[in-house]
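Structure file structure14.cif (mmCIF, C-alpha atoms) is printed below.
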```cif
data_input
loop_
_atom_site.label_atom_id
_atom_site.label_comp_id
_atom_site.auth_asym_id
_atom_site.auth_seq_id
_atom_site.Cartn_x
_atom_site.Cartn_y
_atom_site.Cartn_z
CA MET A 1 -138.83 -57.74 224.19
CA ILE A 2 -139.59 -56.79 220.60
CA GLU A 3 -143.20 -57.86 221.05
CA TRP A 4 -143.47 -55.72 224.14
CA LEU A 5 -142.08 -52.76 222.19
CA VAL A 6 -144.55 -53.28 219.33
CA ASP A 7 -147.37 -53.47 221.88
CA LEU A 8 -146.15 -50.22 223.40
CA VAL A 9 -146.11 -48.43 220.04
CA ILE A 10 -149.57 -49.75 219.14
CA SER A 11 -150.92 -48.67 222.54
CA LEU A 12 -149.41 -45.23 222.01
CA PHE A 13 -151.09 -44.76 218.62
CA LEU A 14 -154.32 -46.24 219.94
CA LEU A 15 -154.52 -43.94 222.93
CA THR A 16 -153.51 -40.75 221.10
CA GLY A 17 -155.96 -41.59 218.30
CA VAL A 18 -158.78 -42.18 220.74
CA GLY A 19 -157.76 -39.01 222.58
CA PHE A 20 -158.12 -36.92 219.44
CA MET A 21 -161.48 -38.59 218.72
CA PHE A 22 -162.58 -37.55 222.19
CA VAL A 23 -161.33 -34.00 221.61
CA ALA A 24 -163.30 -33.88 218.36
CA ALA A 25 -166.47 -35.09 220.09
CA LEU A 26 -166.03 -32.70 223.01
CA GLY A 27 -165.27 -29.84 220.63
CA LEU A 28 -168.40 -30.65 218.67
CA LEU A 29 -170.39 -30.28 221.85
CA ARG A 30 -168.60 -27.29 223.37
CA MET A 31 -167.76 -24.98 220.44
CA PRO A 32 -170.12 -22.03 220.16
CA ASP A 33 -170.97 -21.98 216.45
CA LEU A 34 -171.06 -24.10 213.27
CA PRO A 35 -167.70 -23.22 211.66
CA MET A 36 -165.88 -23.77 214.95
CA ARG A 37 -167.55 -27.14 215.43
CA LEU A 38 -166.32 -27.98 211.95
CA HIS A 39 -162.80 -26.94 213.01
CA ALA A 40 -162.90 -29.49 215.82
CA THR A 41 -164.40 -32.38 213.87
CA THR A 42 -162.40 -32.13 210.61
CA LYS A 43 -158.96 -31.82 212.12
CA ALA A 44 -159.18 -33.87 215.30
CA GLY A 45 -161.61 -36.41 213.84
CA ALA A 46 -159.53 -37.13 210.74
CA LEU A 47 -156.26 -37.29 212.69
CA GLY A 48 -157.82 -39.52 215.36
CA GLY A 49 -159.17 -41.96 212.77
CA GLY A 50 -155.83 -41.87 210.96
CA LEU A 51 -153.86 -42.70 214.12
CA LEU A 52 -156.19 -45.59 214.97
CA MET A 53 -155.74 -46.96 211.46
CA ILE A 54 -151.94 -46.64 211.79
CA ALA A 55 -152.23 -48.78 214.95
CA VAL A 56 -154.16 -51.39 212.91
CA GLY A 57 -151.54 -51.18 210.15
CA ILE A 58 -148.72 -51.87 212.64
CA GLU A 59 -150.58 -54.77 214.28
CA PHE A 60 -151.24 -56.49 210.92
CA PHE A 61 -148.06 -55.32 209.21
CA GLY A 62 -147.27 -58.79 207.82
CA ASP A 63 -150.62 -58.96 206.05
CA VAL A 64 -150.27 -56.63 203.05
CA ALA A 65 -154.00 -56.63 202.22
CA VAL A 66 -154.98 -55.47 205.70
CA ALA A 67 -152.22 -52.86 205.93
CA ALA A 68 -153.24 -51.53 202.49
CA LYS A 69 -156.87 -51.30 203.63
CA ALA A 70 -155.81 -49.36 206.71
CA GLY A 71 -153.79 -47.03 204.47
CA ALA A 72 -156.78 -46.58 202.16
CA VAL A 73 -159.01 -45.60 205.08
CA ILE A 74 -156.45 -42.97 206.16
CA VAL A 75 -156.32 -41.53 202.64
CA PHE A 76 -160.11 -41.45 202.35
CA LEU A 77 -160.50 -39.78 205.74
CA LEU A 78 -157.92 -37.11 204.97
CA LEU A 79 -159.37 -36.50 201.49
CA THR A 80 -163.04 -36.35 202.40
CA ALA A 81 -162.96 -34.54 205.76
CA PRO A 82 -161.97 -31.07 204.44
CA VAL A 83 -164.30 -31.30 201.42
CA ALA A 84 -167.26 -32.27 203.58
CA ALA A 85 -166.39 -29.47 206.02
CA HIS A 86 -166.25 -26.95 203.18
CA LEU A 87 -169.63 -28.09 201.81
CA ILE A 88 -171.43 -28.04 205.15
CA GLY A 89 -169.78 -24.84 206.34
CA ARG A 90 -170.59 -23.05 203.10
CA ALA A 91 -174.20 -24.28 203.00
CA GLY A 92 -174.67 -23.37 206.65
CA TYR A 93 -173.19 -19.91 206.19
CA PHE A 94 -175.30 -18.99 203.18
CA VAL A 95 -178.50 -20.35 204.68
CA GLY A 96 -177.93 -17.99 207.59
CA VAL A 97 -176.96 -20.20 210.51
CA PRO A 98 -176.01 -17.60 213.13
CA MET A 99 -172.33 -17.12 213.91
CA TRP A 100 -170.95 -16.71 217.41
CA PRO A 101 -171.67 -13.11 218.52
CA LYS A 102 -167.99 -12.63 219.42
CA THR A 103 -166.92 -13.33 215.84
CA HIS A 104 -164.27 -10.74 215.22
CA LYS A 105 -164.47 -10.04 211.52
CA ASP A 106 -166.50 -11.24 208.57
CA GLU A 107 -165.20 -10.38 205.13
CA LEU A 108 -167.59 -12.78 203.47
CA GLU A 109 -170.65 -10.86 204.61
CA GLY A 110 -172.83 -9.56 201.79
CA ARG A 111 -170.64 -10.90 198.99
CA TYR A 112 -172.92 -13.75 197.99
CA ASP A 113 -175.70 -13.22 195.47
CA HIS A 114 -178.48 -15.75 196.09
CA GLU A 115 -180.19 -14.92 192.76
CA THR A 116 -177.24 -15.60 190.48
CA GLN A 117 -175.39 -17.86 192.96
CA THR A 118 -172.14 -16.00 192.45
CA LEU A 119 -169.67 -15.05 195.11
CA MET A 120 -167.81 -11.78 194.64
CA SER A 121 -164.27 -11.14 195.77
CA PRO A 122 -163.57 -8.09 197.97
CA PRO A 123 -163.59 -4.87 195.87
CA GLY A 124 -159.98 -3.86 196.48
CA LEU A 125 -158.60 -7.24 195.47
CA ALA A 126 -160.75 -7.57 192.37
CA ASP A 127 -159.40 -4.28 190.96
CA LYS A 128 -155.80 -5.12 191.74
CA THR A 129 -155.81 -8.45 189.93
CA GLN A 130 -157.99 -7.32 187.02
CA ASP A 131 -155.16 -7.18 184.48
CA GLN A 132 -154.19 -10.79 185.22
CA GLN A 133 -157.56 -12.13 184.20
CA PRO A 134 -156.67 -13.49 180.70
CA LYS A 135 -153.93 -15.68 182.21
CA GLY A 136 -156.24 -17.50 184.65
CA MET B 137 -150.73 -53.69 228.44
CA LEU B 138 -152.44 -53.76 225.07
CA GLU B 139 -155.59 -55.23 226.66
CA PHE B 140 -155.73 -52.33 229.07
CA SER B 141 -155.20 -49.76 226.27
CA ILE B 142 -158.00 -51.37 224.27
CA PHE B 143 -160.26 -51.22 227.31
CA VAL B 144 -159.49 -47.51 227.74
CA ALA B 145 -160.00 -46.94 224.00
CA TYR B 146 -163.47 -48.54 224.10
CA LEU B 147 -164.34 -46.48 227.15
CA VAL B 148 -163.26 -43.15 225.63
CA LEU B 149 -164.94 -43.92 222.30
CA GLY B 150 -168.13 -44.75 224.18
CA ILE B 151 -168.05 -41.41 226.02
CA SER B 152 -167.39 -39.62 222.70
CA LEU B 153 -170.41 -41.37 221.22
CA VAL B 154 -172.60 -39.95 223.99
CA LEU B 155 -171.16 -36.44 223.48
CA ILE B 156 -171.84 -36.58 219.73
CA PHE B 157 -175.33 -37.85 220.41
CA PHE B 158 -175.98 -34.81 222.61
CA ARG B 159 -175.00 -32.50 219.73
CA LEU B 160 -177.20 -34.51 217.38
CA VAL B 161 -180.19 -34.04 219.66
CA LEU B 162 -179.49 -30.44 220.68
CA GLY B 163 -178.95 -29.14 217.16
CA PRO B 164 -179.77 -26.24 217.05
CA SER B 165 -179.71 -26.07 213.23
CA LEU B 166 -179.73 -28.77 210.53
CA PRO B 167 -176.06 -28.21 209.54
CA ASP B 168 -175.03 -28.82 213.16
CA ARG B 169 -176.80 -32.16 213.09
CA VAL B 170 -175.16 -33.05 209.78
CA VAL B 171 -171.74 -32.34 211.34
CA ALA B 172 -172.69 -34.63 214.22
CA LEU B 173 -173.66 -37.39 211.74
CA GLU B 174 -170.33 -36.98 209.93
CA MET B 175 -168.48 -37.26 213.21
CA LEU B 176 -170.54 -40.34 214.09
CA ALA B 177 -169.32 -42.04 210.90
CA THR B 178 -165.69 -41.17 211.70
CA LEU B 179 -166.21 -42.52 215.21
CA THR B 180 -167.58 -45.78 213.78
CA VAL B 181 -164.43 -46.08 211.67
CA GLY B 182 -162.48 -45.66 214.92
CA PHE B 183 -164.60 -48.32 216.65
CA ILE B 184 -163.89 -50.74 213.80
CA ALA B 185 -160.15 -50.07 214.11
CA VAL B 186 -160.21 -50.78 217.86
CA TYR B 187 -162.37 -53.87 217.32
CA SER B 188 -159.94 -55.32 214.74
CA LEU B 189 -157.11 -54.76 217.21
CA SER B 190 -158.94 -56.40 220.10
CA SER B 191 -160.35 -59.42 218.25
CA GLY B 192 -157.89 -59.96 215.40
CA VAL B 193 -160.83 -60.10 212.95
CA THR B 194 -160.01 -57.80 210.04
CA ALA B 195 -163.16 -58.34 207.95
CA PHE B 196 -164.75 -55.13 209.25
CA LEU B 197 -161.98 -53.00 207.79
CA ASP B 198 -163.82 -53.19 204.44
CA VAL B 199 -166.83 -51.69 206.19
CA ALA B 200 -164.63 -48.92 207.58
CA MET B 201 -163.35 -48.15 204.09
CA VAL B 202 -166.82 -47.95 202.57
CA LEU B 203 -168.15 -46.00 205.56
CA ALA B 204 -165.43 -43.36 205.21
CA LEU B 205 -166.60 -42.82 201.63
CA THR B 206 -170.38 -43.03 202.06
CA ALA B 207 -170.36 -40.66 205.02
CA PHE B 208 -168.78 -38.12 202.69
CA LEU B 209 -171.49 -38.74 200.07
CA ALA B 210 -174.15 -38.24 202.74
CA ALA B 211 -172.54 -34.93 203.71
CA VAL B 212 -172.57 -33.81 200.06
CA GLY B 213 -176.26 -34.70 199.78
CA PHE B 214 -177.14 -32.90 203.00
CA ALA B 215 -175.17 -29.84 201.92
CA ARG B 216 -177.22 -29.65 198.73
CA LEU B 217 -180.43 -30.10 200.67
CA ILE B 218 -179.46 -27.31 203.07
CA ALA B 219 -178.44 -24.93 200.28
CA LYS B 220 -181.37 -25.61 197.99
CA GLY B 221 -184.37 -26.85 199.94
CA GLY B 222 -183.92 -26.62 203.69
CA THR B 223 -185.77 -24.21 205.93
CA ARG B 224 -184.10 -20.82 206.06
CA ASP B 225 -183.14 -19.09 209.27
CA ASP B 226 -182.43 -15.61 207.94
CA ASP B 227 -185.79 -14.54 206.46
CA MET C 228 -142.03 -42.70 175.83
CA ILE C 229 -143.52 -43.23 179.27
CA GLY C 230 -143.32 -40.59 181.97
CA PRO C 231 -140.87 -40.52 184.89
CA LEU C 232 -143.37 -41.72 187.52
CA ALA C 233 -144.47 -44.64 185.34
CA SER C 234 -140.83 -45.59 184.71
CA ASN C 235 -140.17 -45.55 188.43
CA ILE C 236 -143.12 -47.84 189.16
CA LEU C 237 -142.13 -50.11 186.27
CA LEU C 238 -138.59 -50.42 187.63
CA ALA C 239 -140.01 -51.25 191.06
CA LEU C 240 -142.18 -54.00 189.54
CA VAL C 241 -139.17 -55.38 187.65
CA TRP C 242 -137.25 -55.39 190.95
CA MET C 243 -140.09 -57.29 192.64
CA GLY C 244 -140.20 -59.82 189.82
CA LEU C 245 -136.43 -60.34 189.84
CA THR C 246 -136.21 -60.82 193.60
CA GLY C 247 -139.42 -62.90 193.61
CA ASN C 248 -140.61 -61.25 196.79
CA PHE C 249 -144.06 -59.67 196.45
CA THR C 250 -144.47 -57.72 199.68
CA GLY C 251 -145.09 -54.08 200.46
CA THR C 252 -141.63 -53.63 201.94
CA ASN C 253 -139.98 -54.98 198.81
CA LEU C 254 -142.11 -52.71 196.61
CA PHE C 255 -140.89 -49.78 198.68
CA ILE C 256 -137.25 -50.88 198.25
CA GLY C 257 -137.88 -51.21 194.50
CA LEU C 258 -139.32 -47.69 194.35
CA VAL C 259 -136.31 -46.24 196.15
CA LEU C 260 -133.84 -48.12 193.92
CA GLY C 261 -135.79 -47.15 190.80
CA TYR C 262 -135.72 -43.51 191.88
CA LEU C 263 -131.95 -43.63 192.46
CA ILE C 264 -131.38 -45.17 189.02
CA LEU C 265 -133.61 -42.63 187.26
CA ALA C 266 -132.14 -39.68 189.17
CA SER C 267 -128.56 -40.65 188.37
CA ALA C 268 -128.72 -42.27 184.92
CA LEU C 269 -131.21 -39.95 183.22
CA ARG C 270 -130.31 -36.65 184.88
CA ASP C 271 -129.52 -35.01 181.52
CA GLN C 272 -133.14 -35.36 180.36
CA PRO C 273 -135.24 -32.37 181.48
CA GLY C 274 -138.38 -34.34 182.42
CA PHE C 275 -136.47 -36.78 184.57
CA ALA C 276 -134.30 -34.08 186.13
CA ALA C 277 -137.44 -32.20 187.24
CA TYR C 278 -138.85 -35.44 188.64
CA ALA C 279 -135.63 -36.14 190.54
CA LYS C 280 -135.89 -32.70 192.17
CA LYS C 281 -139.58 -32.99 192.89
CA VAL C 282 -139.58 -36.28 194.81
CA PRO C 283 -137.48 -35.06 197.79
CA LYS C 284 -139.57 -31.89 197.86
CA ALA C 285 -142.78 -33.94 197.95
CA ILE C 286 -141.44 -36.08 200.80
CA LEU C 287 -140.35 -33.00 202.75
CA PHE C 288 -143.75 -31.50 202.09
CA VAL C 289 -145.51 -34.56 203.52
CA GLY C 290 -143.34 -34.22 206.64
CA PHE C 291 -144.14 -30.51 206.89
CA PHE C 292 -147.84 -31.25 206.45
CA ILE C 293 -147.88 -33.93 209.17
CA LYS C 294 -146.12 -31.50 211.52
CA GLU C 295 -148.73 -28.81 210.79
CA LEU C 296 -151.55 -31.33 211.22
CA ILE C 297 -150.32 -32.40 214.65
CA LEU C 298 -149.67 -28.80 215.77
CA SER C 299 -153.15 -27.80 214.63
CA ASN C 300 -154.69 -30.64 216.55
CA LEU C 301 -152.80 -29.85 219.73
CA LYS C 302 -153.99 -26.25 219.47
CA VAL C 303 -157.60 -27.29 218.95
CA ALA C 304 -157.28 -29.87 221.73
CA TYR C 305 -155.91 -27.27 224.12
CA ASP C 306 -158.72 -24.92 223.28
CA VAL C 307 -161.44 -27.55 223.62
CA LEU C 308 -160.13 -28.80 226.95
CA THR C 309 -159.54 -25.45 228.69
CA PRO C 310 -162.58 -23.89 230.35
CA THR C 311 -162.41 -20.38 228.89
CA HIS C 312 -162.46 -19.73 225.18
CA TYR C 313 -159.36 -17.87 224.06
CA MET C 314 -160.54 -17.82 220.47
CA LYS C 315 -161.03 -14.76 218.35
CA PRO C 316 -162.72 -16.20 215.25
CA GLY C 317 -163.39 -14.43 211.98
CA VAL C 318 -163.78 -14.89 208.25
CA ILE C 319 -160.98 -13.46 206.12
CA ALA C 320 -160.47 -13.19 202.37
CA PHE C 321 -157.24 -14.78 201.20
CA PRO C 322 -156.00 -13.79 197.70
CA LEU C 323 -155.17 -17.03 195.90
CA GLU C 324 -151.94 -17.63 194.05
CA ALA C 325 -153.22 -21.00 192.77
CA LYS C 326 -154.91 -20.76 189.39
CA THR C 327 -156.25 -24.07 188.11
CA ASP C 328 -159.09 -26.09 189.66
CA ALA C 329 -156.74 -28.84 190.81
CA GLU C 330 -154.38 -26.40 192.52
CA ILE C 331 -157.19 -24.55 194.27
CA THR C 332 -158.73 -27.84 195.45
CA VAL C 333 -155.48 -29.11 196.93
CA VAL C 334 -154.62 -25.79 198.56
CA ALA C 335 -158.12 -25.39 200.04
CA ASN C 336 -158.10 -28.93 201.43
CA LEU C 337 -154.68 -28.50 202.99
CA ILE C 338 -155.75 -25.19 204.53
CA SER C 339 -158.71 -26.97 206.11
CA LEU C 340 -156.38 -29.50 207.70
CA THR C 341 -153.84 -27.05 209.13
CA PRO C 342 -153.86 -24.91 212.29
CA GLY C 343 -156.98 -22.93 213.05
CA THR C 344 -158.09 -22.40 209.46
CA LEU C 345 -161.09 -23.78 207.58
CA SER C 346 -161.73 -22.88 203.95
CA LEU C 347 -165.37 -21.92 203.45
CA ASP C 348 -165.66 -20.97 199.78
CA VAL C 349 -163.91 -19.72 196.67
CA SER C 350 -165.17 -16.56 194.99
CA SER C 351 -166.75 -17.09 191.57
CA ASP C 352 -163.84 -15.39 189.79
CA ARG C 353 -161.46 -17.74 191.68
CA LYS C 354 -159.23 -15.01 193.02
CA VAL C 355 -160.11 -15.20 196.66
CA LEU C 356 -160.56 -17.99 199.16
CA TYR C 357 -162.75 -17.19 202.15
CA ILE C 358 -161.27 -18.78 205.23
CA HIS C 359 -162.69 -19.11 208.72
CA VAL C 360 -159.85 -18.48 211.16
CA MET C 361 -160.02 -19.44 214.80
CA TYR C 362 -157.28 -17.22 216.23
CA LEU C 363 -157.34 -13.86 214.46
CA GLU C 364 -154.86 -12.10 216.75
CA GLY C 365 -152.57 -10.80 214.02
CA GLU C 366 -154.28 -11.03 210.64
CA ALA C 367 -151.06 -10.32 208.72
CA GLU C 368 -149.30 -13.24 210.44
CA VAL C 369 -152.18 -15.61 209.72
CA ILE C 370 -152.19 -14.65 206.02
CA GLU C 371 -148.40 -14.98 205.96
CA SER C 372 -148.50 -18.53 207.30
CA ILE C 373 -151.24 -19.53 204.85
CA ARG C 374 -149.23 -17.96 202.03
CA TYR C 375 -146.17 -20.04 203.04
CA MET C 376 -148.31 -23.18 203.10
CA GLU C 377 -149.64 -22.35 199.62
CA TYR C 378 -146.12 -21.73 198.35
CA ARG C 379 -144.93 -25.11 199.61
CA THR C 380 -147.91 -26.80 197.96
CA LEU C 381 -147.47 -25.12 194.59
CA GLU C 382 -143.76 -25.94 194.66
CA VAL C 383 -144.68 -29.62 194.61
CA LEU C 384 -147.62 -29.34 192.20
CA ARG C 385 -146.11 -27.14 189.48
CA SER C 386 -143.35 -28.02 187.05
CA THR C 387 -141.99 -24.45 187.14
CA PRO C 388 -141.49 -22.97 190.62
CA PRO C 389 -143.99 -20.27 191.71
CA ASP C 390 -142.75 -16.69 192.05
#
```

Show me, as C-alpha cells, the structure contained in the file I just sent.
Amino acid sequence: MIEWLVDLVISLFLLTGVGFMFVAALGLLRMPDLPMRLHATTKAGALGGGLLMIAVGIEFFGDVAVAAKAGAVIVFLLLTAPVAAHLIGRAGYFVGVPMWPKTHKDELEGRYDHETQTLMSPPGLADKTQDQQPKG
Amino acid sequence: MLEFSIFVAYLVLGISLVLIFFRLVLGPSLPDRVVALEMLATLTVGFIAVYSLSSGVTAFLDVAMVLALTAFLAAVGFARLIAKGGTRDDD
Amino acid sequence: MIGPLASNILLALVWMGLTGNFTGTNLFIGLVLGYLILASALRDQPGFAAYAKKVPKAILFVGFFIKELILSNLKVAYDVLTPTHYMKPGVIAFPLEAKTDAEITVVANLISLTPGTLSLDVSSDRKVLYIHVMYLEGEAEVIESIRYMEYRTLEVLRSTPPD
C-alpha cells in the first residue's frame, strides 16, 4: 500500500515535471520574440527540471548522497536559470534582435550608450532619487 | 504504474527534444539559438533524472550536476560573444 | 563568539553525534531542536532574537516563492498551449528599493522566476531595474506586485526591516 502510494507521488512529480519541460520546449518554439522565449524556458524549464529531481530524491530518499545530489541540481538550476536569461536577454536586446511588433511599451529604448557602456535610468526617476545618492 | 509514467516521460521528453531542435535550426538570430542550447542542457538534466528512476543507476546524477553548471558557463560565454563580437542586426 | 546560524548548525551536529544517527532526517531534527533552544534560551541577546524572528520569515518566504513559481508556470503554460496569444508584452523601468549588489542580485533573480516578469538589466546608477513583462494590462498593478515581492525579499535579507 505504502509502496503504491510512493509510486503514485513519484509518478505525479515525474509527469508534471515532464509536462513543464514540454511547455518550455513548445514555448521556445511558439513564442514570437527572444525575451518571451526566455520567459518560457527559464520558468518552465527550471521548474520542470526541479520537479524531476524531486521525483529522483523521493525514489532514493534512503540514500543521502543521491538525495543531496538531486537537491544540489535543483539549487543550481534555480540559481543559474535567471542569471543566464538576464545575460542572453540583455545581450540580445542591445545587439538589436528585433522585438515582437506588438510589444506594447519599451522604456529601455535609447537608454543604453554603446560607447561608454552605461545604462541610464529614466529621467524622471533619476531626478527624484538624486538626493539619496550618498547613501547608496 | 511507475513503468507507464516513465514511458510517457521518455516520450514527452523526446518530443520536446525535437521541438527545441527546430528552434535551434530555425534561429533566426544567434541569441535564439543560445536559448535553445540552454534549454537542451536543462532537458538533458531531465533525461538523466528519468533514466535514474527507470534503471536505478544513480551514477549519471553527477553528470546532471556538472551539466547544470557548465550550461550556465556556456551561456555566459555566448552572451559575451554576442555583446562584444557577434554580427550586429541593427546597423 | 560565533554567529547564530553557526551555533544552530553546531547544535545540530552535536545532536547527531549524541544520537549516533548520521542521516539527513536526523540532521533536520537537530536543526529544528537547535533553533528551538536558541530561540528560547538566548532570546535576550539581540543577535539571536533577530535570528529567531528571521527563520520563520525565511521559511514563509520560501513557501510564498514556491507558490509564485507554480502560478507563474501555470500562466506561461496556459499561454503557450492556447492557440491565440493573449499577451501584451513590454519593457518597464522598476525603481529599485534594494541597494547593495547582493540585494539587487537576489531581487532580480527572484523577479525572473515569478509570474510574467524577466529582469533584463540594471541601470548603471543602480536605481532602476528594466523588466520585460508579459502581461502589461495594468502597469500599476504589475509594479505593485513586484514591489511586494521585493519587500518580502528584503525583509528576509536585511537585519532592519525595510520601510

Care to translate the PyMOL selection byres ((chain B) within 8 of (chain A)) into actual residues of this file, as a PyMOL selection string?
-> chain B and resi 137-138+141-142+144-145+148-149+151-153+155-156+158-159+165+167-168+170-172+175+178-179+181-182+185-186+188-189+194+197-198+200-201+204-205+208+211-212+214-216+218-219+224-226

Point-to-point distance in Å for CA of Val360 (chain C) and CA of Lys326 (chain C) |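 Separation of CA of Lys326 (chain C) and CA of Val360 (chain C): 22.4 Å.
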
Identify all chain C residues at most 7 Å from chain A by counting all atoms listed in the file; ligands do not count. Present them as a PyMOL selection string.
-> chain C and resi 250-251+300+303-304+307+315-320+326+336+339-340+345-348+350-351+354-355+357

So how many Å separate CA of Asp352 (chain C) and CA of Met376 (chain C), to one decimal?
->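 Answer for the CA of Asp352 (chain C) to CA of Met376 (chain C) separation: 21.9 Å.
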
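Taking CA of Gly274 (chain C) as the reference point, CA of Tyr375 (chain C) is found at 26.3 Å.
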
Distance query Asp328 (chain C) at most 12 Å, all atoms listed in the file, self and fewer than 3 positions along chain excluded, as a list of chain:residue names |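 In the requested form, the answer reads A:Gly136, C:Leu323, C:Glu324, C:Ala325, C:Ile331, C:Thr332, C:Val333, C:Val334, C:Ala335, C:Val349, C:Ser351, C:Asp352, C:Arg353, C:Lys354.
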
Test item: the PyMOL selection byres ((chain C and resi 253-261) around 8) resolved as a list in words |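 That selection, the PyMOL selection byres ((chain C and resi 253-261) around 8), comes back as Asn235, Ile236, Leu238, Ala239, Leu240, Trp242, Met243, Asn248, Phe249, Thr250, Gly251, Thr252, Tyr262, Leu263, Ile264 and Leu265 of chain C.
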
Could you pull region 197-204 of chain B out of the structure I just pasted and write it to a file containing all heavy atoms, as a PDB file, in the first residue's frame?
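Listed below is the output, decode18.pdb:
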```pdb
ATOM      1  N   LEU B 197      23.777  11.099 -12.081  1.00  0.00           N
ATOM      2  CA  LEU B 197      23.349  12.332 -11.409  1.00  0.00           C
ATOM      3  C   LEU B 197      24.509  13.315 -11.271  1.00  0.00           C
ATOM      4  O   LEU B 197      24.305  14.527 -11.300  1.00  0.00           O
ATOM      5  CB  LEU B 197      22.768  12.006 -10.033  1.00  0.00           C
ATOM      6  CG  LEU B 197      21.337  11.490 -10.060  1.00  0.00           C
ATOM      7  CD1 LEU B 197      20.874  11.165  -8.667  1.00  0.00           C
ATOM      8  CD2 LEU B 197      20.415  12.525 -10.672  1.00  0.00           C
ATOM      9  N   ASP B 198      25.743  12.781 -11.148  1.00  0.00           N
ATOM     10  CA  ASP B 198      26.914  13.673 -11.124  1.00  0.00           C
ATOM     11  C   ASP B 198      26.999  14.457 -12.426  1.00  0.00           C
ATOM     12  O   ASP B 198      27.295  15.649 -12.433  1.00  0.00           O
ATOM     13  CB  ASP B 198      28.185  12.856 -10.930  1.00  0.00           C
ATOM     14  CG  ASP B 198      28.233  12.209  -9.564  1.00  0.00           C
ATOM     15  OD1 ASP B 198      28.062  12.946  -8.581  1.00  0.00           O
ATOM     16  OD2 ASP B 198      28.406  10.981  -9.489  1.00  0.00           O
ATOM     17  N   VAL B 199      26.744  13.750 -13.521  1.00  0.00           N
ATOM     18  CA  VAL B 199      26.764  14.416 -14.831  1.00  0.00           C
ATOM     19  C   VAL B 199      25.722  15.523 -14.866  1.00  0.00           C
ATOM     20  O   VAL B 199      25.988  16.631 -15.337  1.00  0.00           O
ATOM     21  CB  VAL B 199      26.504  13.387 -15.955  1.00  0.00           C
ATOM     22  CG1 VAL B 199      26.560  14.067 -17.299  1.00  0.00           C
ATOM     23  CG2 VAL B 199      27.494  12.261 -15.887  1.00  0.00           C
ATOM     24  N   ALA B 200      24.533  15.228 -14.331  1.00  0.00           N
ATOM     25  CA  ALA B 200      23.461  16.228 -14.331  1.00  0.00           C
ATOM     26  C   ALA B 200      23.899  17.476 -13.574  1.00  0.00           C
ATOM     27  O   ALA B 200      23.665  18.603 -14.012  1.00  0.00           O
ATOM     28  CB  ALA B 200      22.197  15.646 -13.700  1.00  0.00           C
ATOM     29  N   MET B 201      24.568  17.239 -12.438  1.00  0.00           N
ATOM     30  CA  MET B 201      25.008  18.355 -11.601  1.00  0.00           C
ATOM     31  C   MET B 201      25.999  19.237 -12.354  1.00  0.00           C
ATOM     32  O   MET B 201      25.864  20.462 -12.397  1.00  0.00           O
ATOM     33  CB  MET B 201      25.668  17.787 -10.347  1.00  0.00           C
ATOM     34  CG  MET B 201      25.455  18.594  -9.127  1.00  0.00           C
ATOM     35  SD  MET B 201      25.622  17.584  -7.664  1.00  0.00           S
ATOM     36  CE  MET B 201      27.337  17.180  -7.659  1.00  0.00           C
ATOM     37  N   VAL B 202      26.996  18.589 -12.971  1.00  0.00           N
ATOM     38  CA  VAL B 202      28.010  19.345 -13.705  1.00  0.00           C
ATOM     39  C   VAL B 202      27.386  20.030 -14.917  1.00  0.00           C
ATOM     40  O   VAL B 202      27.694  21.183 -15.223  1.00  0.00           O
ATOM     41  CB  VAL B 202      29.170  18.414 -14.126  1.00  0.00           C
ATOM     42  CG1 VAL B 202      30.154  19.148 -15.003  1.00  0.00           C
ATOM     43  CG2 VAL B 202      29.861  17.863 -12.905  1.00  0.00           C
ATOM     44  N   LEU B 203      26.471  19.336 -15.575  1.00  0.00           N
ATOM     45  CA  LEU B 203      25.833  19.885 -16.775  1.00  0.00           C
ATOM     46  C   LEU B 203      25.047  21.149 -16.448  1.00  0.00           C
ATOM     47  O   LEU B 203      25.093  22.133 -17.190  1.00  0.00           O
ATOM     48  CB  LEU B 203      24.902  18.826 -17.373  1.00  0.00           C
ATOM     49  CG  LEU B 203      24.523  19.009 -18.829  1.00  0.00           C
ATOM     50  CD1 LEU B 203      25.763  18.940 -19.679  1.00  0.00           C
ATOM     51  CD2 LEU B 203      23.550  17.931 -19.244  1.00  0.00           C
ATOM     52  N   ALA B 204      24.345  21.121 -15.301  1.00  0.00           N
ATOM     53  CA  ALA B 204      23.566  22.298 -14.899  1.00  0.00           C
ATOM     54  C   ALA B 204      24.488  23.502 -14.743  1.00  0.00           C
ATOM     55  O   ALA B 204      24.102  24.626 -15.054  1.00  0.00           O
ATOM     56  CB  ALA B 204      22.823  22.016 -13.598  1.00  0.00           C
TER      57      ALA B 204
END
```
